[in-house]
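As stored in start_37.cif (mmCIF, C-alpha atoms):
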```
data_data
#
loop_
_atom_site.label_atom_id
_atom_site.label_comp_id
_atom_site.auth_asym_id
_atom_site.auth_seq_id
_atom_site.Cartn_x
_atom_site.Cartn_y
_atom_site.Cartn_z
CA MET I 1 0.00 0.00 0.00
CA ALA I 2 1.38 3.45 -0.94
CA ARG I 3 2.24 5.51 2.10
CA GLU I 4 -0.33 8.19 1.28
CA SER I 5 -3.10 5.58 1.12
CA LEU I 6 -1.85 3.95 4.30
CA LEU I 7 -1.86 7.25 6.18
CA ILE I 8 -5.37 8.06 5.02
CA ALA I 9 -6.51 4.59 6.10
CA THR I 10 -4.78 5.07 9.45
CA LEU I 11 -6.49 8.39 10.10
CA VAL I 12 -9.84 6.82 9.24
CA GLU I 13 -9.10 3.88 11.52
CA LEU I 14 -8.08 6.15 14.40
CA ALA I 15 -11.16 8.33 13.87
CA ASP I 16 -13.35 5.22 13.81
CA ASN I 17 -12.08 4.41 17.29
CA LEU I 18 -13.07 7.81 18.65
CA VAL I 19 -16.45 6.76 19.94
CA ASP I 20 -17.91 6.54 23.42
CA HIS I 21 -16.00 4.10 25.61
CA TYR I 22 -13.28 3.68 22.98
CA ASP I 23 -10.34 1.44 23.89
CA VAL I 24 -7.15 3.45 24.45
CA ILE I 25 -4.96 0.35 24.16
CA ASP I 26 -6.39 -0.47 20.74
CA VAL I 27 -5.95 3.13 19.51
CA LEU I 28 -2.30 3.16 20.57
CA THR I 29 -1.66 -0.30 19.15
CA VAL I 30 -2.91 1.01 15.80
CA LEU I 31 -0.48 3.92 16.22
CA THR I 32 2.56 1.69 16.81
CA ASP I 33 1.65 -0.70 13.99
CA ARG I 34 1.18 2.09 11.46
CA CYS I 35 4.43 3.83 12.43
CA VAL I 36 6.31 0.65 11.55
CA GLU I 37 4.40 0.32 8.28
CA ALA I 38 4.54 3.97 7.19
CA VAL I 39 8.10 5.06 8.03
CA ASP I 40 11.58 3.58 8.07
CA VAL I 41 11.52 2.14 11.61
CA ASP I 42 11.55 -1.44 12.85
CA ALA I 43 9.68 -1.15 16.14
CA ALA I 44 7.52 1.32 18.02
CA GLY I 45 6.19 1.70 21.54
CA VAL I 46 4.10 4.12 23.58
CA MET I 47 4.30 5.12 27.21
CA LEU I 48 1.74 7.23 29.05
CA ALA I 49 2.00 9.01 32.36
CA SER I 50 -0.15 7.77 35.22
CA PRO I 51 -2.18 10.33 37.23
CA GLY I 52 0.76 10.37 39.66
CA GLY I 53 3.16 11.33 36.87
CA GLU I 54 4.98 8.00 36.52
CA LEU I 55 5.55 6.61 33.04
CA GLN I 56 3.78 3.34 32.28
CA PHE I 57 3.99 1.04 29.27
CA VAL I 58 0.80 1.02 27.19
CA ALA I 59 1.35 -0.35 23.68
CA SER I 60 4.03 -1.61 21.30
CA SER I 61 4.48 -3.17 17.89
CA SER I 62 6.06 -6.36 19.26
CA GLU I 63 6.66 -8.36 22.42
CA SER I 64 10.41 -7.63 22.34
CA MET I 65 9.65 -3.92 22.14
CA ARG I 66 7.38 -4.24 25.16
CA VAL I 67 10.23 -5.75 27.17
CA LEU I 68 12.57 -2.94 26.17
CA GLU I 69 10.00 -0.30 27.09
CA LEU I 70 9.49 -1.89 30.49
CA PHE I 71 13.26 -1.88 31.03
CA GLN I 72 13.33 1.88 30.45
CA ILE I 73 10.79 2.32 33.21
CA GLN I 74 12.64 0.05 35.62
CA ALA I 75 16.00 1.70 34.91
CA ASN I 76 14.44 5.19 34.84
CA GLU I 77 16.53 6.08 31.81
CA GLY I 78 16.20 6.01 28.08
CA PRO I 79 14.87 8.10 25.21
CA CYS I 80 11.21 7.83 26.19
CA VAL I 81 11.97 8.87 29.77
CA ASP I 82 13.97 11.90 28.63
CA CYS I 83 11.42 12.86 25.97
CA PHE I 84 8.55 12.78 28.44
CA ARG I 85 10.47 14.62 31.16
CA ASP I 86 11.74 17.41 28.88
CA GLY I 87 8.79 17.52 26.49
CA LYS I 88 11.22 17.63 23.57
CA ALA I 89 11.71 15.26 20.65
CA ILE I 90 14.80 13.09 20.41
CA VAL I 91 15.45 12.45 16.73
CA ASN I 92 18.16 10.51 14.91
CA TYR I 93 20.03 9.43 18.03
CA SER I 94 22.62 6.75 17.24
CA LEU I 95 23.29 4.08 19.85
CA SER I 96 26.81 2.77 20.38
CA GLU I 97 28.88 0.97 23.01
CA ALA I 98 30.60 4.27 23.81
CA ASP I 99 27.32 6.07 24.45
CA GLY I 100 27.30 7.40 28.00
CA ARG I 101 23.89 9.08 27.96
CA TRP I 102 21.97 5.93 28.91
CA PRO I 103 24.53 3.51 30.40
CA LEU I 104 21.92 0.92 31.38
CA PHE I 105 19.48 1.26 28.52
CA THR I 106 21.88 1.42 25.56
CA PRO I 107 23.49 -2.03 26.04
CA ARG I 108 20.04 -3.60 26.37
CA ALA I 109 18.84 -1.90 23.18
CA LEU I 110 21.97 -2.98 21.31
CA ASP I 111 21.43 -6.56 22.47
CA GLN I 112 17.96 -6.37 20.91
CA GLY I 113 19.59 -5.40 17.61
CA PHE I 114 18.65 -1.71 17.60
CA ARG I 115 21.16 0.91 16.45
CA SER I 116 19.22 4.19 16.47
CA VAL I 117 16.25 5.66 18.32
CA HIS I 118 13.75 8.45 18.02
CA SER I 119 11.29 9.57 20.67
CA LEU I 120 8.47 12.05 20.14
CA PRO I 121 6.37 13.72 22.85
CA MET I 122 2.63 13.19 22.97
CA ARG I 123 1.54 16.73 23.70
CA LEU I 124 -1.63 18.78 23.49
CA ARG I 125 -1.98 22.43 24.48
CA GLY I 126 1.30 22.40 26.35
CA ARG I 127 0.64 19.24 28.33
CA THR I 128 2.81 16.17 27.75
CA ILE I 129 0.97 12.95 28.58
CA GLY I 130 3.47 10.43 27.21
CA ALA I 131 5.96 9.63 24.47
CA LEU I 132 6.21 7.59 21.28
CA ASN I 133 9.41 5.56 20.86
CA LEU I 134 10.72 4.49 17.44
CA PHE I 135 13.67 2.12 16.95
CA ARG I 136 15.72 1.17 13.91
CA THR I 137 18.13 -1.71 13.42
CA THR I 138 20.40 0.55 11.37
CA GLN I 139 22.00 3.91 12.03
CA GLY I 140 21.28 6.90 9.86
CA PRO I 141 18.74 9.71 10.03
CA LEU I 142 15.04 9.54 9.46
CA GLU I 143 13.84 11.70 6.61
CA VAL I 144 12.22 14.97 7.63
CA ASP I 145 8.95 13.82 6.06
CA ASP I 146 9.04 10.66 8.18
CA VAL I 147 9.43 12.69 11.38
CA VAL I 148 6.49 14.87 10.35
CA VAL I 149 4.36 11.79 9.65
CA VAL I 150 4.98 10.06 12.98
CA GLN I 151 4.58 13.27 14.95
CA GLY I 152 1.27 13.82 13.18
CA LEU I 153 0.10 10.31 14.06
CA ALA I 154 1.22 10.83 17.66
CA ASP I 155 -0.75 14.09 17.78
CA VAL I 156 -3.88 12.38 16.47
CA ALA I 157 -3.54 9.63 19.08
CA THR I 158 -3.02 12.24 21.81
CA ILE I 159 -6.21 14.00 20.78
CA ALA I 160 -7.96 10.63 20.87
CA ILE I 161 -6.82 10.04 24.43
CA LEU I 162 -8.01 13.47 25.50
CA GLN I 163 -11.23 12.90 23.55
CA HIS I 164 -10.71 16.08 21.58
CA ARG I 165 -12.72 18.08 24.10
CA SER I 166 -11.30 21.32 25.43
CA SER I 167 -13.71 21.07 28.36
CA LEU I 168 -12.14 17.84 29.62
CA ASP I 169 -11.37 18.39 33.28
CA ALA I 170 -8.37 17.04 35.18
CA HIS I 171 -10.44 14.45 37.04
CA THR I 172 -11.81 12.97 33.83
CA LEU I 173 -8.36 12.95 32.22
CA ASN I 174 -6.84 11.15 35.19
CA GLU I 175 -9.67 8.62 35.10
CA GLN I 176 -9.05 8.01 31.38
CA LEU I 177 -5.33 7.43 31.91
CA SER I 178 -5.93 5.22 34.95
CA ASN I 179 -8.37 3.10 32.97
CA ALA I 180 -5.85 2.73 30.15
CA LEU I 181 -3.12 1.56 32.49
CA ASN I 182 -5.46 -0.85 34.27
CA SER I 183 -6.56 -2.18 30.89
CA ARG I 184 -2.95 -2.97 30.03
CA ILE I 185 -2.70 -5.23 33.10
CA VAL I 186 -5.85 -7.14 32.14
CA ILE I 187 -4.67 -7.51 28.55
CA GLU I 188 -1.31 -8.93 29.66
CA GLN I 189 -3.12 -11.44 31.88
CA ALA I 190 -5.37 -12.47 28.99
CA LYS I 191 -2.39 -12.83 26.65
CA GLY I 192 -0.76 -15.21 29.11
CA ILE I 193 -3.91 -17.30 29.44
CA ILE I 194 -4.39 -17.48 25.65
CA SER I 195 -0.72 -18.28 25.09
CA GLN I 196 -0.83 -21.18 27.52
CA ALA I 197 -4.17 -22.52 26.31
CA THR I 198 -3.25 -22.40 22.61
CA SER I 199 0.47 -23.19 22.88
CA SER I 200 1.31 -19.99 21.02
CA ASP I 201 3.72 -17.15 21.73
CA MET I 202 2.61 -13.85 23.22
CA ASP I 203 2.53 -12.00 19.90
CA LYS I 204 0.18 -14.60 18.38
CA ALA I 205 -1.91 -14.64 21.55
CA PHE I 206 -2.45 -10.91 21.28
CA ALA I 207 -3.28 -11.24 17.58
CA ARG I 208 -6.02 -13.74 18.46
CA LEU I 209 -7.37 -11.47 21.18
CA ARG I 210 -7.45 -8.37 19.02
CA ALA I 211 -8.89 -10.13 15.98
CA TYR I 212 -11.74 -11.57 18.07
CA ALA I 213 -12.53 -8.14 19.52
CA ARG I 214 -12.66 -6.56 16.08
CA ASN I 215 -14.60 -9.37 14.42
CA HIS I 216 -17.23 -9.23 17.16
CA ASN I 217 -17.25 -5.42 17.44
CA GLU I 218 -16.20 -5.54 21.08
CA GLY I 219 -13.64 -3.56 23.04
CA LEU I 220 -10.20 -5.09 23.45
CA THR I 221 -10.27 -4.69 27.22
CA GLU I 222 -13.80 -6.10 27.39
CA VAL I 223 -12.75 -9.31 25.64
CA ALA I 224 -9.58 -9.56 27.73
CA THR I 225 -11.65 -9.24 30.91
CA ARG I 226 -13.93 -12.07 29.80
CA ILE I 227 -10.89 -14.27 29.15
CA VAL I 228 -9.45 -13.51 32.60
CA GLU I 229 -12.78 -14.06 34.34
CA GLY I 230 -13.30 -17.35 32.49
CA SER I 231 -16.54 -16.42 30.72
CA LEU I 232 -14.83 -16.65 27.32
CA HIS I 233 -12.67 -19.69 26.59
CA PRO I 234 -9.37 -19.07 24.75
CA GLY I 235 -10.34 -21.86 22.34
CA SER I 236 -13.15 -19.63 21.07
CA LEU I 237 -10.57 -17.27 19.62
CA ASN I 238 -9.87 -18.58 16.14
CA HIS I 239 -6.67 -17.93 14.24
CA PRO I 240 -6.86 -14.33 12.99
CA THR I 241 -6.94 -13.74 9.25
CA ARG I 242 -3.82 -12.33 7.66
CA SER I 243 -5.42 -8.90 7.26
CA ALA I 244 -6.60 -8.84 10.85
CA SER I 245 -3.35 -10.05 12.32
CA ARG I 246 -0.91 -8.04 10.26
CA ASN I 247 1.36 -6.23 12.67
CA THR I 248 -1.09 -6.93 15.50
CA GLU I 249 1.52 -7.32 18.22
CA SER I 250 2.02 -5.93 21.66
#
```
Re-express the file's structure as structure tokens.
Amino acid sequence: MARESLLIATLVELADNLVDHYDVIDVLTVLTDRCVEAVDVDAAGVMLASPGGELQFVASSSESMRVLELFQIQANEGPCVDCFRDGKAIVNYSLSEADGRWPLFTPRALDQGFRSVHSLPMRLRGRTIGALNLFRTTQGPLEVDDVVVVQGLADVATIAILQHRSSLDAHTLNEQLSNALNSRIVIEQAKGIISQATSSDMDKAFARLRAYARNHNEGLTEVATRIVEGSLHPGSLNHPTRSASRNTES
């Protein structure tokens, strides 16, 4: 698919999710998937700030990316941490053994095969609520157009999280973010249950979960909750079709 067509489809897909009780995890998973498809990056992840101000992992394009994002939080260092704290983009940053900026994070990223990183703030009206991380397995700069594209997608996702309402009060915002972070916990539990029940890896387990939710027009967190509670058996989740499962990883 040409990038222009893909971006149009992505905007439509994101807009389609902006309904009452939309699923933040699903919106941000779309964001990470489309970043990998639309620009020259190999993995993407999103962190959001909790109501208390601590960064929390929310979505990623792969299971390995999820692990790396969690390591940033545990080590309290890395591009996403700096981007969120300073509210400034980190673009075209090359990782190397001699890099002293992130002494704990950089070796872990290199072990995962990544050689450069980019992190963009998720901001609206001066408020930073999280950051979008982009990793490449090669060094070299992203094109200016690519940076514009991913920042635009991040901005759309940020508006989605804030529900595009200028009247949104702090209490409602905090409740939205808390629900998103709680949803992530339930989804991880459901992934583990599906993985064990179907003898599949975590990426494929999430693909099954997400495909079922979309095919049945249900929220991702709603389906995950049913799996965890036992009211929906993992065996009911058929193999996702290629179109439904493409880049559907967490």
List the neighbours of range 75-81 of chain I out to 12 Å using all atoms listed in the file; skip same-chain residues closer than 4 positions along the sequence, and give me the result as a PyMOL selection string.
-> chain I and resi 44-49+53-57+68-71+85-95+99-109+116-122+128-135
Do you know which residues are at most 10 Å from Ser195 in chain I counting only C-alpha atoms, after dropping those on the same chain fewer than 3 positions away, and could you put them as an MDAnalysis selection string?
-> chainID I and resid 189:192 198:206 208 234
Work out how far apart CA of Arg3 in chain I and CA of Asp23 in chain I are and give it in Å to one decimal.
-> 25.5 Å
Surrounding residues of Val24 in chain I excluding itself and chain neighbours under 3 positions, 7 Å, only C-alpha atoms, as number ranges by chain = I: 27-28, 161, 180
Could you tell me which residues the PyMOL selection byres ((chain I and resi 224-231) around 8) returns for this structure, as a list in words?
->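 Taken on the displayed file, the PyMOL selection byres ((chain I and resi 224-231) around 8) yields the residues Val186, Ile187, Gln189, Ala190, Lys191, Ile193, Leu209, Leu220, Thr221, Glu222, Val223, Leu232, His233 and Pro234 of chain I.
The space separating CA of Ala207 in chain I from CA of Val67 in chain I comes to 17.5 Å.
Of the listed residues I:Ser183, I:Ser60, I:Val41, I:Gln74, the one whose atoms come nearest to Gly219 in chain I is I:Ser183, with distances taken using all atoms listed in the file.
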